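Structure record follows, encoded as structure tokens.
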Amino acid sequence: MYVAVKGGERAINNAHRLLAEQRRGDKDVSEIQTDQIEQQLSLSVTRVMAEGSLYDRDLAALAIKQARGDLIEAIFLMRAYRTTLPRFAFSNPTKTAEMDVSRRISATFKDLPGGQILGPTFDYTHRLLDFTLMANGENPADAPSAENPVDDHMPRVLDDILNYEGLIQDEPTPVDEDAPVADLTREPVKFPAGRDLRLQNLSRGDEGFILALGYSTQRGYANSHAFVGEIRYGTVSVEIEPEELGFPIDIGDIELTECETVNKFKGSKTKLPQFTRGYGLVFGQNERKSISMALVDRAMRADEMGEQIMGPAQDSEFVMEHSDNVQSTGFVEHIKLPHYVDFQGELELVRRMRTEVEARLAKAEADNSNPQTEAAE
Amino acid sequence: MTAKAAPTKATDHLRTDDDAIAARQRWMGVLARTDQATLEAEWTDKFGDVSWKHLREPQIGMVMVRSRAGGAGQRFNLGEMTVTRCAVTLADGTVGHSYVKGRDRIQAQYAALFDAVMLRDQAASTFIDTLAEKQATAKRDHARKVAATKVDFFTLVRGEDE
């Protein structure tokens with residue numbers, strides 16, 4: 001039997017009107033503006049840009065407002081919007097070595113050139129609710145300024161300090177500049193996936209998922225004991241080379257957080273032991289994500305390092321197929337949508353099976369209550 | 001204005017081209033970081049009578065941002081950013097271009113117009129210098145606040161050495 005699903009139109013319209021009303025909330029409370037979200041919920045904005053894989057602060061703020069603060073829904077909106085835009089160009093690789101840092105720390109070297117720069121961080125706060133934010137609002141005094149600005153080009157811990165003695169692996173060199181760069185937004189993902197594809201996937205992957213996997217590597221589900229060599233957060237300029245100009249131009253700044261981990265060393269009887277690397281890079285200020293990404297990047301290099309696969313974080317296919325929260329939420333949540341016909345099929349099958357079993361049981365019971373007949377047979 | 005010496009070496013010509021490109025890169029970068037209102041006000045005030053037309057209407061699109069593993073290794077696609085581009089032609093045929101971060105069509109249009117008048121006769125160089133200075137000051141002010149969060153380690157001596 002075919003069951004037509006019709007008649008939902010009015011209900012759907014009214015549901016969306018109710019949604020809009022609930023989004024607005026109590027009308028005696030002033031409406032939140034997208035520029036307030038952009039400025040004052042900037043870390044939500046950052047996450048939506050990173051996982052929406054589209055850097056645009058205003059759009060992310062709008063998406064957060066529209067989604068009532070549901071960040072995964074907001075990420076979905078960003079992903080949908082980006083499909084409407086043409087792609088003009090690929091940028092030249094960002095120069096994170098030349099980042100204008102707002103924060104830069106190393107957990108491995110205390111006295112590093114350029115210094116430990118804390119920047120705007122939650123670290124070392126007491127995690128006590130600050131009720132003055134609720135009662136009096138916020139009106140902080142200007143942050144203090146030092147006499148001199150931070151250094152322009154901060155040396156990199158891994159490349160400029162550790163690698164000086166050859167103590168850490170180089171990024172695989174020479175880099176083939178003509179090699180195509182994989183792009184999961186344009187071609188289907190195939191396994192085994194190269195590191196380019198893995199890094200793209202991780203950078204737009206769900207923060208919670210990447211965090212949990214990163215944590216699992218620390219708990220023993222991948223033997224890659226990691227230190228944070230360096231974290232830097234700040235702005236880099238983006239450079240493109242438009243065909244009509246024939247030279248690179250600078251189109252503005254974006255914020256990035258970069259994390260480089262120093263991992264367990266590798267060597268043999270003939271090869272000097274060296275530390276290995278993990279790399280994390282995400283849009284905006286997001287240290288938790290960039291550290292987690294570096295941990296998982298390193299774990300996923302198991303094949304390259306000849307390591308035994310012992311945990312899910314090392315299994316690129318598992319990680320990459322489940323890291324995308326828009327994909328995950330789509331499949332998980334779609335089962336709440338009408339499945340009347342599918343279910344009807346299942347229902348009929350179960351009913352038929354039950355009838356068959358009931359018939360068999362009834363027959364068995366009848367036979368049991370008349371054992372002699374059975375014996376005689 | 002000082003006249004440039006005639007090229008004496010084969011590379012001099014190249015060098016001048018490079019200088020011209022470097023100068024244009026600088027002002028395009030400055031314009032890309034300047035908001036619509038500032039650009040529009042200056043244009044209306046100083047260049048309102050310049051006649052021009054769109055060669056390419058402002059168009060919103062994206063740039064795929066690339067980075068390198070470990071900052072120096074294999075390239076990968078990090079994610080996209082919104083970008084607006086525009087091209088304009090002045091009455092004398094000078095073509096100005098712009099590519100600016102974000103989705104502001106008007107900003108992109110004025111950035112292209114200023115690029116054109118700069119190419120034509122450097123007419124906006126004072127304006128560009130002022131903007132560049134403002135941007136440098138803002139950057140420096142921020143970098144000084146950041147510098148105030150630098151850790152000054154000192155060691156506490158505890159216990160006594162025998």
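Scheme for the structure tokens: letters A, B, ... for chains in order shown; per-chain residue numbers from 1; ligand numbers from 1 in order shown.
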What's the 6 Å shell around stretch 53-70 of chain B, counting only C-alpha atoms, without same-chain residues fewer than 2 positions away, as a PyMOL selection string? (chain A and resi 85-91+93-94+279) or (chain B and resi 72-89+103+105)
Could you pull out all residues of chain B with a DSSP call of alpha helix (DSSP H) and give them as a ChimeraX atom specification? /B:10-32,36-47,105-121,125-147
Enumerate the residues of stretch 1-145 of chain B with a DSSP assignment of strand (DSSP E or B), computed from the backbone, and present them as a PyMOL selection string. chain B and resi 52-68+75-90+95-101
B:Ser125 surroundings by only C-alpha atoms, 12 Å radius, close-in-sequence under 5 positions cut, as a list in words: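 Those residues are Ala23, Arg24, Arg26, Trp27, Met28, Val30, Leu31, Phe114, Asp115, Ala116, Val117, Met118, Leu119, Arg120, Thr130, Leu131 and Ala132 of chain B.
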What's the 10 Å shell around stretch 314-319 of chain A, counting only C-alpha atoms, without same-chain residues fewer than 5 positions away, as a VMD selection string? chain A and resid 189 to 195 198 201 to 202 205 209 to 210 213 217 221 to 223 296 to 303 307 to 309 324
Let me see the file: selected residues, N, CA, C and O atoms, as a CSV table (one decimal), in the first residue's frame.
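Listing of part.csv after writing:
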chain,number,residue,atom,x,y,z
A,189,VAL,N,36.5,12.1,-1.7
A,189,VAL,CA,37.7,11.7,-0.9
A,189,VAL,C,38.0,10.2,-1.2
A,189,VAL,O,37.1,9.4,-1.2
A,190,LYS,N,39.3,10.0,-1.5
A,190,LYS,CA,39.7,8.6,-1.7
A,190,LYS,C,40.8,8.2,-0.7
A,190,LYS,O,41.5,9.1,-0.3
A,191,PHE,N,40.8,6.9,-0.4
A,191,PHE,CA,41.8,6.5,0.6
A,191,PHE,C,42.8,5.5,-0.1
A,191,PHE,O,42.4,4.8,-1.0
A,192,PRO,N,44.0,5.5,0.3
A,192,PRO,CA,44.6,6.3,1.4
A,192,PRO,C,44.7,7.8,1.0
A,192,PRO,O,45.0,8.1,-0.1
A,193,ALA,N,44.4,8.7,2.0
A,193,ALA,CA,44.4,10.1,1.7
A,193,ALA,C,45.7,10.7,2.0
A,193,ALA,O,46.4,10.4,3.0
A,194,GLY,N,46.1,11.7,1.2
A,194,GLY,CA,47.4,12.4,1.4
A,194,GLY,C,47.3,13.3,2.6
A,194,GLY,O,46.2,13.6,3.0
A,195,ARG,N,48.4,13.9,3.0
A,195,ARG,CA,48.4,14.7,4.2
A,195,ARG,C,47.6,16.0,3.9
A,195,ARG,O,47.0,16.6,4.7
A,198,ARG,N,44.1,15.3,4.4
A,198,ARG,CA,43.8,15.1,5.8
A,198,ARG,C,43.8,16.4,6.6
A,198,ARG,O,42.9,16.7,7.4
A,201,ASN,N,40.6,18.3,5.9
A,201,ASN,CA,39.5,17.7,6.6
A,201,ASN,C,39.5,18.0,8.1
A,201,ASN,O,38.5,18.4,8.6
A,202,LEU,N,40.7,18.0,8.7
A,202,LEU,CA,40.7,18.2,10.1
A,202,LEU,C,40.4,19.7,10.4
A,202,LEU,O,39.7,20.0,11.4
A,205,GLY,N,36.9,20.1,10.4
A,205,GLY,CA,36.2,19.0,11.2
A,205,GLY,C,35.6,19.5,12.5
A,205,GLY,O,36.0,20.6,13.0
A,209,PHE,N,34.7,16.4,18.0
A,209,PHE,CA,35.2,15.1,17.6
A,209,PHE,C,36.7,15.1,17.5
A,209,PHE,O,37.3,14.1,18.0
A,210,ILE,N,37.3,16.1,17.0
A,210,ILE,CA,38.7,16.2,16.9
A,210,ILE,C,39.4,16.3,18.3
A,210,ILE,O,40.4,15.6,18.5
A,213,LEU,N,39.3,12.7,19.8
A,213,LEU,CA,40.3,11.9,19.2
A,213,LEU,C,41.7,12.3,19.6
A,213,LEU,O,42.5,11.4,19.9
A,217,THR,N,44.5,10.0,21.8
A,217,THR,CA,45.9,9.7,21.5
A,217,THR,C,46.7,9.9,22.8
A,217,THR,O,47.7,9.2,23.0
A,221,TYR,N,45.6,5.5,22.9
A,221,TYR,CA,45.1,4.9,21.7
A,221,TYR,C,45.9,5.4,20.5
A,221,TYR,O,45.3,5.7,19.5
A,222,ALA,N,47.2,5.6,20.6
A,222,ALA,CA,48.1,5.9,19.6
A,222,ALA,C,49.3,6.4,20.4
A,222,ALA,O,49.2,7.2,21.3
A,223,ASN,N,50.4,5.8,20.1
A,223,ASN,CA,51.6,6.1,21.0
A,223,ASN,C,52.4,7.2,20.4
A,223,ASN,O,53.4,7.0,19.7
A,296,VAL,N,45.9,14.8,16.2
A,296,VAL,CA,45.3,13.8,15.3
A,296,VAL,C,46.1,13.8,14.0
A,296,VAL,O,46.3,12.7,13.4
A,297,ASP,N,46.6,14.9,13.5
A,297,ASP,CA,47.5,14.9,12.3
A,297,ASP,C,48.7,14.0,12.5
A,297,ASP,O,49.0,13.1,11.7
A,298,ARG,N,49.3,14.1,13.7
A,298,ARG,CA,50.5,13.2,14.0
A,298,ARG,C,50.1,11.8,14.0
A,298,ARG,O,50.8,10.9,13.5
A,299,ALA,N,48.9,11.5,14.7
A,299,ALA,CA,48.5,10.1,14.8
A,299,ALA,C,48.2,9.5,13.4
A,299,ALA,O,48.5,8.4,13.2
A,300,MET,N,47.6,10.3,12.5
A,300,MET,CA,47.3,9.9,11.2
A,300,MET,C,48.5,9.7,10.3
A,300,MET,O,48.4,9.1,9.2
A,301,ARG,N,49.7,10.1,10.8
A,301,ARG,CA,50.9,9.9,10.0
A,301,ARG,C,51.5,8.5,10.4
A,301,ARG,O,52.7,8.2,10.0
A,302,ALA,N,50.8,7.6,11.0
A,302,ALA,CA,51.3,6.3,11.5
A,302,ALA,C,51.9,5.5,10.3
A,302,ALA,O,53.0,5.0,10.5
A,303,ASP,N,51.2,5.5,9.2
A,303,ASP,CA,51.7,4.7,8.0
A,303,ASP,C,53.1,5.2,7.6
A,303,ASP,O,54.0,4.5,7.4
A,307,GLU,N,54.3,3.0,11.9
A,307,GLU,CA,53.8,2.7,13.3
A,307,GLU,C,52.6,1.7,13.2
A,307,GLU,O,51.9,1.8,12.2
A,308,GLN,N,52.5,0.9,14.2
A,308,GLN,CA,51.4,0.0,14.3
A,308,GLN,C,50.1,0.8,14.6
A,308,GLN,O,50.1,1.7,15.5
A,309,ILE,N,49.0,0.5,13.9
A,309,ILE,CA,47.7,1.2,14.1
A,309,ILE,C,47.1,0.5,15.4
A,309,ILE,O,46.8,-0.6,15.4
A,324,ASP,N,33.2,15.4,9.9
A,324,ASP,CA,32.4,16.5,9.4
A,324,ASP,C,31.0,16.6,10.1
A,324,ASP,O,30.2,15.7,9.9
For B:Thr149, the closest of A:Ser216, A:Ser203, A:Gln274, A:Ser102 counting only C-alpha atoms is A:Ser102
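Each of B:Asp104, B:Asp45, B:Asp129, B:Asp121 was checked against chain A using only C-alpha atoms; the smallest atom-to-atom distance is that of B:Asp104.
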So which residues touch A:Gly52 within 7 Å, counting only C-alpha atoms, skipping near sequence neighbours fewer than 3 positions away, as a ChimeraX atom specification? /A:48-49,75-76,78-79,204
Output C-alpha atoms of each residue in that selection to a file, as a compact mmCIF listing (two decimals), in the first residue's frame.
# COMPACT_ATOMS: atom_id res chain seq x y z
CA VAL A 48 31.40 28.78 12.72
CA MET A 49 33.90 30.18 10.21
CA ILE A 75 27.88 25.94 10.30
CA PHE A 76 25.33 24.23 8.06
CA MET A 78 27.58 28.80 6.13
CA ARG A 79 28.25 25.65 4.10
CA ARG A 204 36.99 22.04 9.00
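Here atom CA of A:Pro312 stands at a distance of 29.3 Å from atom CA of A:Ile105.
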